[in-house]
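Report on one structure; see the data block that follows.
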Amino acid sequence: MKTVNDFNFENKKALIRVDFNVPLNEALEVTDKTRIKAAKKTIIKVLEDGGRCVLMSHLGRPNGVENKFSLQHIVNKISDVIGVKVHFVEDCIGEKAEEAVAELKNGEILLLENLRFYKEEKAGDTAFAEQLSKLGDIYVNDAFGTAHRAHASTTVIADYFPENKCFGLLLASEIENIEKVLKHSEKPVTAIIGGAKVSSKITIIENILDKIDHLIIGGGMAFTFVKAQGGKIGNSLVEDDKQELALLILKQAKEKNVAVHLPVDAIVADAFSEDANTKIEAINNISEGWMGLDTGPETNKLLAEVILNSKTILWNGPVGVFEIEKFSKGTISLGNAIAEATENGTFSLVGGGDSVAAVKQFNLSDKVSYVSTGGGAMLEMLEGKTLPGIKAMLK
Ligand code: AMP
């Protein structure tokens, strides 16, 4: 796997696919610069070599050219974060873009306009990819968030750089950290899979069963497992058509010597709201009309014990409705246990939209080993798929 560290960019134009799909508020200001910060190392490496950076990204889901999705709105924020003035050109292919690139000097950065202003980007159009390829000498892919998409700028373009292509440092470290869990993990390995639905996590569970010693199932999806085993779950979230699948997973786990840990108690509520009445009940004996929205104290203790005895941890998905304070304690307790284990030398990887949000909300980002930036891309890697963006670079 070649990275930017294997190239010298002196006098070279690096055409870097970044993921600057950042959130903007109504005034079109950047509200979270995590993704810009994440690309900084790669950009600095090129500039310090004495090269030039041509950055390309998408922003949102525009329908043709729409001003509110213009990357112009984020130019100043990139300059702030990188500490170098960023030039902007209002197209990503064609004469204007080519002229702007020609004017760029060593040590400078140019940002191209939103790739998705052209429908050819998502369609993976080869002519469009070829046009883009004219804008750089070396193609760098540092956009983990879109590595699972076979788009023109993430996959097809790589063909135009048979020798001169490499991973950016963010994408390389994402791959490395996920492989630490999937391929080179120190035992015992524990996967914590939470969130709302069994159906969206099933492929991950099936793929990781061979690689783990403990499986913690939490969140809404746990109730399908509890009901399938004959438990009374009241009004808790359930996918009735997934009960058989749940039993099959439990059987497979047993055959593979994976210890499955389901919650033993729950915080149950009479409504899905901040002002609901709550009580603690056994997970398999929830009252009619009540629903489990968080793990109970007994469960939190048991899960912390498993976590503190693990050497490698993967966390995907909250174990309760953490967005509502009343139902956030289980997820906080779990996060704290992971932080403590990490402090004791355990490798912990957190990924997938909602667990990343939880880790940020509870200020645990610096207390886990690695927080993945790409939700969908990470999930697909955990499902055992080879991402098109990664495959294209290895060809
Ligand atoms: P996912 O996107 O599948 O990871 O699901 C995350 C969502 O699951 C979060 O918004 C949580 O609020 C929700 N969730 C977690 N536990 C429960 C539960 N016991 N009942 C309903 N929703 C839950």
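Identifiers in this document derive from the order of the structure tokens: chains are assigned A, B, ..., residues are numbered from 1 separately in each chain, and ligands are numbered from 1 in order of occurrence.
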**OP:** Using only C-alpha atoms and all ligand atoms, find each residue with an atom at most 8 Å away from ligand 1 and format the answer as a PyMOL selection string.
**Re:** chain A and resi 194-198+200-201+218-223+236-237+291-295+316-324+352-355
Asn207 (chain A): which residues within 7 Å, counting only C-alpha atoms, same-chain residues fewer than 4 positions away excluded, as a PDB file with N, CA, C and O atoms, in the first residue's frame?
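Below is the file that was written, around-v9.pdb:
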ATOM      1  N   THR A 203     -24.887  -8.180   8.760  1.00  0.00           N
ATOM      2  CA  THR A 203     -23.748  -8.633   7.951  1.00  0.00           C
ATOM      3  C   THR A 203     -22.443  -8.429   8.709  1.00  0.00           C
ATOM      4  O   THR A 203     -21.517  -9.225   8.597  1.00  0.00           O
ATOM      5  N   GLU A 383     -17.978  -5.378   7.209  1.00  0.00           N
ATOM      6  CA  GLU A 383     -18.791  -6.433   6.603  1.00  0.00           C
ATOM      7  C   GLU A 383     -17.950  -7.350   5.732  1.00  0.00           C
ATOM      8  O   GLU A 383     -18.446  -8.320   5.180  1.00  0.00           O
ATOM      9  N   GLY A 384     -16.674  -7.014   5.580  1.00  0.00           N
ATOM     10  CA  GLY A 384     -15.771  -7.878   4.829  1.00  0.00           C
ATOM     11  C   GLY A 384     -15.653  -7.506   3.363  1.00  0.00           C
ATOM     12  O   GLY A 384     -15.057  -8.235   2.573  1.00  0.00           O
TER      13      GLY A 384
END
**OP:** Could you tell me, as a count of residues only, which residues of region 99-319 of chain A DSSP assigns to alpha helix (DSSP H) when given the backbone?
**Re:** 71
Name all residues at most 7 Å from Ile16 (chain A) (count only C-alpha atoms; drop same-chain ones fewer than 2 positions away) and give them as a PDB file with all heavy atoms, in the first residue's frame.
ATOM      1  N   ALA A  14      -0.195  17.612  -6.662  1.00  0.00           N
ATOM      2  CA  ALA A  14      -0.922  16.477  -6.092  1.00  0.00           C
ATOM      3  C   ALA A  14      -2.404  16.756  -6.270  1.00  0.00           C
ATOM      4  O   ALA A  14      -2.904  17.800  -5.833  1.00  0.00           O
ATOM      5  CB  ALA A  14      -0.591  16.339  -4.615  1.00  0.00           C
ATOM      6  N   VAL A  18     -10.344  14.714  -1.250  1.00  0.00           N
ATOM      7  CA  VAL A  18     -10.582  14.793   0.191  1.00  0.00           C
ATOM      8  C   VAL A  18     -12.078  14.637   0.438  1.00  0.00           C
ATOM      9  O   VAL A  18     -12.876  14.680  -0.498  1.00  0.00           O
ATOM     10  CB  VAL A  18     -10.089  16.152   0.758  1.00  0.00           C
ATOM     11  CG1 VAL A  18      -8.584  16.212   0.811  1.00  0.00           C
ATOM     12  CG2 VAL A  18     -10.661  17.317  -0.047  1.00  0.00           C
ATOM     13  N   CYS A  53      -1.024  21.605  -4.043  1.00  0.00           N
ATOM     14  CA  CYS A  53      -2.202  20.769  -3.774  1.00  0.00           C
ATOM     15  C   CYS A  53      -3.405  21.242  -4.562  1.00  0.00           C
ATOM     16  O   CYS A  53      -3.808  22.397  -4.448  1.00  0.00           O
ATOM     17  CB  CYS A  53      -2.573  20.833  -2.296  1.00  0.00           C
ATOM     18  SG  CYS A  53      -1.422  19.997  -1.221  1.00  0.00           S
ATOM     19  N   VAL A  54      -3.985  20.332  -5.327  1.00  0.00           N
ATOM     20  CA  VAL A  54      -5.275  20.609  -5.962  1.00  0.00           C
ATOM     21  C   VAL A  54      -6.284  19.716  -5.234  1.00  0.00           C
ATOM     22  O   VAL A  54      -6.195  18.488  -5.306  1.00  0.00           O
ATOM     23  CB  VAL A  54      -5.242  20.272  -7.468  1.00  0.00           C
ATOM     24  CG1 VAL A  54      -6.600  20.557  -8.103  1.00  0.00           C
ATOM     25  CG2 VAL A  54      -4.132  21.048  -8.163  1.00  0.00           C
ATOM     26  N   LEU A  55      -7.194  20.350  -4.493  1.00  0.00           N
ATOM     27  CA  LEU A  55      -8.122  19.581  -3.669  1.00  0.00           C
ATOM     28  C   LEU A  55      -9.460  19.442  -4.380  1.00  0.00           C
ATOM     29  O   LEU A  55      -9.993  20.411  -4.930  1.00  0.00           O
ATOM     30  CB  LEU A  55      -8.363  20.279  -2.333  1.00  0.00           C
ATOM     31  CG  LEU A  55      -7.132  20.629  -1.488  1.00  0.00           C
ATOM     32  CD1 LEU A  55      -7.556  21.325  -0.206  1.00  0.00           C
ATOM     33  CD2 LEU A  55      -6.317  19.373  -1.189  1.00  0.00           C
ATOM     34  N   MET A  56     -10.014  18.229  -4.342  1.00  0.00           N
ATOM     35  CA  MET A  56     -11.357  18.043  -4.909  1.00  0.00           C
ATOM     36  C   MET A  56     -12.219  17.285  -3.908  1.00  0.00           C
ATOM     37  O   MET A  56     -11.750  16.401  -3.190  1.00  0.00           O
ATOM     38  CB  MET A  56     -11.299  17.317  -6.252  1.00  0.00           C
ATOM     39  CG  MET A  56     -10.516  16.034  -6.250  1.00  0.00           C
ATOM     40  SD  MET A  56     -10.570  15.296  -7.898  1.00  0.00           S
ATOM     41  CE  MET A  56      -9.494  13.889  -7.639  1.00  0.00           C
ATOM     42  N   TYR A 139      -2.083  11.301  -8.222  1.00  0.00           N
ATOM     43  CA  TYR A 139      -3.429  11.232  -7.637  1.00  0.00           C
ATOM     44  C   TYR A 139      -3.338  10.674  -6.216  1.00  0.00           C
ATOM     45  O   TYR A 139      -2.716   9.637  -5.972  1.00  0.00           O
ATOM     46  CB  TYR A 139      -4.334  10.340  -8.493  1.00  0.00           C
ATOM     47  CG  TYR A 139      -5.652   9.992  -7.828  1.00  0.00           C
ATOM     48  CD1 TYR A 139      -6.595  10.977  -7.531  1.00  0.00           C
ATOM     49  CD2 TYR A 139      -5.950   8.671  -7.476  1.00  0.00           C
ATOM     50  CE1 TYR A 139      -7.791  10.664  -6.905  1.00  0.00           C
ATOM     51  CE2 TYR A 139      -7.155   8.350  -6.861  1.00  0.00           C
ATOM     52  CZ  TYR A 139      -8.071   9.357  -6.573  1.00  0.00           C
ATOM     53  OH  TYR A 139      -9.264   9.044  -5.957  1.00  0.00           O
ATOM     54  N   VAL A 140      -3.943  11.401  -5.293  1.00  0.00           N
ATOM     55  CA  VAL A 140      -3.942  10.972  -3.889  1.00  0.00           C
ATOM     56  C   VAL A 140      -5.387  10.795  -3.442  1.00  0.00           C
ATOM     57  O   VAL A 140      -6.198  11.708  -3.592  1.00  0.00           O
ATOM     58  CB  VAL A 140      -3.261  12.043  -2.993  1.00  0.00           C
ATOM     59  CG1 VAL A 140      -3.261  11.595  -1.533  1.00  0.00           C
ATOM     60  CG2 VAL A 140      -1.841  12.336  -3.471  1.00  0.00           C
ATOM     61  N   ASN A 141      -5.714   9.643  -2.905  1.00  0.00           N
ATOM     62  CA  ASN A 141      -7.055   9.477  -2.347  1.00  0.00           C
ATOM     63  C   ASN A 141      -6.965   9.529  -0.824  1.00  0.00           C
ATOM     64  O   ASN A 141      -6.331   8.694  -0.196  1.00  0.00           O
ATOM     65  CB  ASN A 141      -7.679   8.153  -2.801  1.00  0.00           C
ATOM     66  CG  ASN A 141      -9.160   8.076  -2.431  1.00  0.00           C
ATOM     67  OD1 ASN A 141      -9.667   8.948  -1.699  1.00  0.00           O
ATOM     68  ND2 ASN A 141      -9.851   7.074  -2.931  1.00  0.00           N
ATOM     69  N   ASP A 142      -7.611  10.551  -0.235  1.00  0.00           N
ATOM     70  CA  ASP A 142      -7.615  10.674   1.223  1.00  0.00           C
ATOM     71  C   ASP A 142      -9.053  10.770   1.746  1.00  0.00           C
ATOM     72  O   ASP A 142      -9.288  11.252   2.840  1.00  0.00           O
ATOM     73  CB  ASP A 142      -6.805  11.903   1.656  1.00  0.00           C
ATOM     74  CG  ASP A 142      -6.176  11.700   3.033  1.00  0.00           C
ATOM     75  OD1 ASP A 142      -6.096  10.532   3.490  1.00  0.00           O
ATOM     76  OD2 ASP A 142      -5.759  12.690   3.651  1.00  0.00           O
TER      77      ASP A 142
END
Subject >> Non-local contacts of Ile216 (chain A) (12 Å; only C-alpha atoms; under 4 positions in same chain excluded) as a ChimeraX atom specification >> reply: /A:189-195,205,209,212,221-222,225,250,253,258-264,295,299-300,302-307,310,313-319,334
Keeping only C-alpha atoms, write the selected residues to a file as an mmCIF file, in the first residue's frame.
data_model
loop_
_atom_site.group_PDB
_atom_site.id
_atom_site.type_symbol
_atom_site.label_atom_id
_atom_site.label_comp_id
_atom_site.auth_asym_id
_atom_site.auth_seq_id
_atom_site.Cartn_x
_atom_site.Cartn_y
_atom_site.Cartn_z
ATOM 1 C CA VAL A 189 -11.370 -9.305 21.190
ATOM 2 C CA THR A 190 -14.747 -7.792 22.012
ATOM 3 C CA ALA A 191 -17.224 -6.310 19.560
ATOM 4 C CA ILE A 192 -19.994 -4.112 20.891
ATOM 5 C CA ILE A 193 -22.801 -3.817 18.397
ATOM 6 C CA GLY A 194 -25.664 -1.542 19.351
ATOM 7 C CA GLY A 195 -28.086 0.769 17.626
ATOM 8 C CA ILE A 205 -21.977 -9.557 13.026
ATOM 9 C CA LEU A 209 -17.876 -13.780 14.474
ATOM 10 C CA ILE A 212 -13.894 -12.136 18.143
ATOM 11 C CA MET A 221 -31.612 -4.541 18.405
ATOM 12 C CA ALA A 222 -31.141 -6.524 21.619
ATOM 13 C CA PHE A 225 -32.779 -11.447 20.449
ATOM 14 C CA LEU A 250 -26.662 -17.148 18.741
ATOM 15 C CA ALA A 253 -21.649 -17.769 18.029
ATOM 16 C CA VAL A 258 -17.934 -16.553 21.004
ATOM 17 C CA ALA A 259 -19.489 -15.489 24.306
ATOM 18 C CA VAL A 260 -22.598 -13.398 23.607
ATOM 19 C CA HIS A 261 -23.575 -10.799 26.199
ATOM 20 C CA LEU A 262 -27.112 -9.495 26.007
ATOM 21 C CA PRO A 263 -28.471 -6.967 28.526
ATOM 22 C CA VAL A 264 -29.954 -8.525 31.674
ATOM 23 C CA THR A 295 -29.387 -0.734 29.643
ATOM 24 C CA THR A 299 -26.065 -4.823 32.701
ATOM 25 C CA ASN A 300 -23.737 -1.832 32.890
ATOM 26 C CA LEU A 302 -21.493 -6.855 33.571
ATOM 27 C CA LEU A 303 -20.530 -5.099 30.340
ATOM 28 C CA ALA A 304 -17.823 -3.040 32.060
ATOM 29 C CA GLU A 305 -16.309 -6.268 33.352
ATOM 30 C CA VAL A 306 -16.159 -7.803 29.866
ATOM 31 C CA ILE A 307 -14.695 -4.604 28.454
ATOM 32 C CA SER A 310 -10.549 -7.213 26.644
ATOM 33 C CA ILE A 313 -12.444 -3.499 21.330
ATOM 34 C CA LEU A 314 -14.662 -2.521 18.423
ATOM 35 C CA TRP A 315 -17.633 -0.294 19.257
ATOM 36 C CA ASN A 316 -20.385 0.365 16.777
ATOM 37 C CA GLY A 317 -23.743 1.709 17.916
ATOM 38 C CA PRO A 318 -25.125 3.068 21.214
ATOM 39 C CA VAL A 319 -26.721 0.757 23.802
ATOM 40 C CA LEU A 334 -19.981 1.742 28.305
#
**OP:** Take CA of Gly234 (chain A) and CA of Asp270 (chain A) and report the distance between them in Å, one decimal.
**Re:** 10.0 Å
Original post:
Could you name the residues that touch Phe20 (chain A) at 9 Å or less, counting only C-alpha atoms, but leaving out those on the same chain fewer than 6 positions away, as a ChimeraX atom specification?
Top reply: /A:33,35-36,39,56-59,71,74,143
Go ahead and save the picked residues with N, CA and C atoms, as a compact mmCIF listing (two decimals), in the first residue's frame.
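Result written to part21.txt:
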# COMPACT_ATOMS: atom_id res chain seq x y z
N LYS A 33 -15.43 21.17 11.88
CA LYS A 33 -14.29 21.12 10.95
C LYS A 33 -13.47 19.83 11.06
N ARG A 35 -13.53 17.02 9.56
CA ARG A 35 -13.07 16.43 8.29
C ARG A 35 -11.96 17.24 7.64
N ILE A 36 -11.96 18.54 7.86
CA ILE A 36 -10.89 19.38 7.29
C ILE A 36 -9.60 19.10 8.05
N ALA A 39 -7.71 15.99 7.06
CA ALA A 39 -6.95 15.96 5.80
C ALA A 39 -5.64 16.75 5.90
N MET A 56 -10.01 18.23 -4.34
CA MET A 56 -11.36 18.04 -4.91
C MET A 56 -12.22 17.29 -3.91
N SER A 57 -13.50 17.68 -3.84
CA SER A 57 -14.42 17.07 -2.88
C SER A 57 -15.85 17.23 -3.39
N HIS A 58 -16.75 16.53 -2.71
CA HIS A 58 -18.17 16.82 -2.93
C HIS A 58 -18.69 17.51 -1.67
N LEU A 59 -19.85 18.13 -1.78
CA LEU A 59 -20.51 18.71 -0.61
C LEU A 59 -22.01 18.50 -0.80
N LEU A 71 -18.51 24.85 -2.73
CA LEU A 71 -17.38 24.69 -1.79
C LEU A 71 -16.73 26.03 -1.47
N ILE A 74 -16.55 27.11 2.13
CA ILE A 74 -15.67 26.52 3.15
C ILE A 74 -14.19 26.92 2.95
N ALA A 143 -10.00 10.31 0.92
CA ALA A 143 -11.41 10.47 1.28
C ALA A 143 -11.99 9.12 1.73
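Between CA of Asn106 (chain A) and CA of Glu174 (chain A) the interatomic distance comes to 28.4 Å.
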**OP:** Please provide the set of residues having any atom within 12 Å of Lys180 (chain A), restricted to only C-alpha atoms, with same-chain residues fewer than 4 positions apart removed, written as a ChimeraX atom specification.
**Re:** /A:173-176,184-187,189,211,311-314,346-349,369-370,382
Original post:
In Å, with one decimal, what is the gap from CA of Val356 (chain A) to CA of Gly375 (chain A)?
Top reply: 8.7 Å
**OP:** Considering only C-alpha atoms, return as a VMD selection string whatever protein or nucleic-acid residues lie within 8 Å of region 357-366 of chain A, sequence-local ones (same chain, fewer than 5 positions apart) excluded.
**Re:** chain A and resid 318 322 331 to 332 335 to 336 339 371
Please produce a file of those selected residues containing all heavy atoms, as a tab-separated table (two decimals), in the first residue's frame.
chain	number	residue	atom	x	y	z
A	318	PRO	N	-24.83	2.82	19.80
A	318	PRO	CA	-25.12	3.07	21.21
A	318	PRO	C	-25.98	1.95	21.83
A	318	PRO	O	-26.66	1.24	21.10
A	318	PRO	CB	-25.91	4.38	21.19
A	318	PRO	CG	-26.55	4.41	19.83
A	318	PRO	CD	-25.58	3.72	18.90
A	322	PHE	N	-29.29	7.44	23.56
A	322	PHE	CA	-28.38	8.36	24.27
A	322	PHE	C	-28.68	9.83	24.00
A	322	PHE	O	-28.25	10.70	24.73
A	322	PHE	CB	-26.92	8.05	23.87
A	322	PHE	CG	-26.58	8.52	22.48
A	322	PHE	CD1	-25.92	9.73	22.28
A	322	PHE	CD2	-26.95	7.77	21.39
A	322	PHE	CE1	-25.63	10.17	20.99
A	322	PHE	CE2	-26.67	8.21	20.09
A	322	PHE	CZ	-26.01	9.41	19.90
A	331	THR	N	-24.96	4.10	27.69
A	331	THR	CA	-23.94	4.41	26.67
A	331	THR	C	-22.76	5.14	27.30
A	331	THR	O	-21.60	4.87	26.96
A	331	THR	CB	-24.59	5.25	25.53
A	331	THR	OG1	-25.68	4.50	24.99
A	331	THR	CG2	-23.60	5.55	24.42
A	332	ILE	N	-23.03	6.03	28.26
A	332	ILE	CA	-21.94	6.74	28.95
A	332	ILE	C	-21.10	5.73	29.75
A	332	ILE	O	-19.86	5.75	29.70
A	332	ILE	CB	-22.50	7.82	29.91
A	332	ILE	CG1	-23.20	8.91	29.09
A	332	ILE	CG2	-21.39	8.42	30.78
A	332	ILE	CD1	-23.84	10.02	29.92
A	335	GLY	N	-18.99	3.77	27.39
A	335	GLY	CA	-17.91	4.62	26.88
A	335	GLY	C	-16.82	4.80	27.92
A	335	GLY	O	-15.62	4.72	27.59
A	336	ASN	N	-17.21	5.01	29.17
A	336	ASN	CA	-16.22	5.18	30.24
A	336	ASN	C	-15.40	3.90	30.46
A	336	ASN	O	-14.20	3.96	30.68
A	336	ASN	CB	-16.90	5.58	31.56
A	336	ASN	CG	-17.34	7.04	31.52
A	336	ASN	OD1	-16.79	7.85	30.77
A	336	ASN	ND2	-18.35	7.38	32.30
A	339	ALA	N	-12.91	3.71	27.74
A	339	ALA	CA	-11.83	4.68	28.00
A	339	ALA	C	-10.86	4.12	29.04
A	339	ALA	O	-9.63	4.21	28.89
A	339	ALA	CB	-12.42	6.00	28.48
A	371	VAL	N	-10.98	6.91	16.41
A	371	VAL	CA	-12.37	7.15	16.02
A	371	VAL	C	-12.40	7.24	14.51
A	371	VAL	O	-11.75	8.09	13.91
A	371	VAL	CB	-12.90	8.48	16.64
A	371	VAL	CG1	-14.35	8.70	16.23
A	371	VAL	CG2	-12.76	8.47	18.15
**OP:** Find the residue from A:Ala147, A:Ala158, A:Val268, A:Leu215 that sits nearest to Gly376 (chain A); use only C-alpha atoms when measuring.
**Re:** A:Ala147
Subject >> Given only C-alpha atoms as the counted atoms, nearest of A:Ser199, A:Thr373, A:Asn257, A:Asn235 to Lys37 (chain A) >> reply: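 Among the listed residues, A:Thr373 lies closest to Lys37 (chain A).
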**OP:** From the DSSP assignment of the backbone, select every residue of region 91-256 of chain A that is strand (DSSP E), and format the answer as a VMD selection string.
**Re:** chain A and resid 109 to 112 138 to 141 165 to 167 189 to 193 214 to 217 232 to 233
**OP:** Could you check which of A:Ser79, A:Glu288, A:Leu394, A:Ser133 is closest to Glu98 (chain A), using only C-alpha atoms?
**Re:** A:Ser133
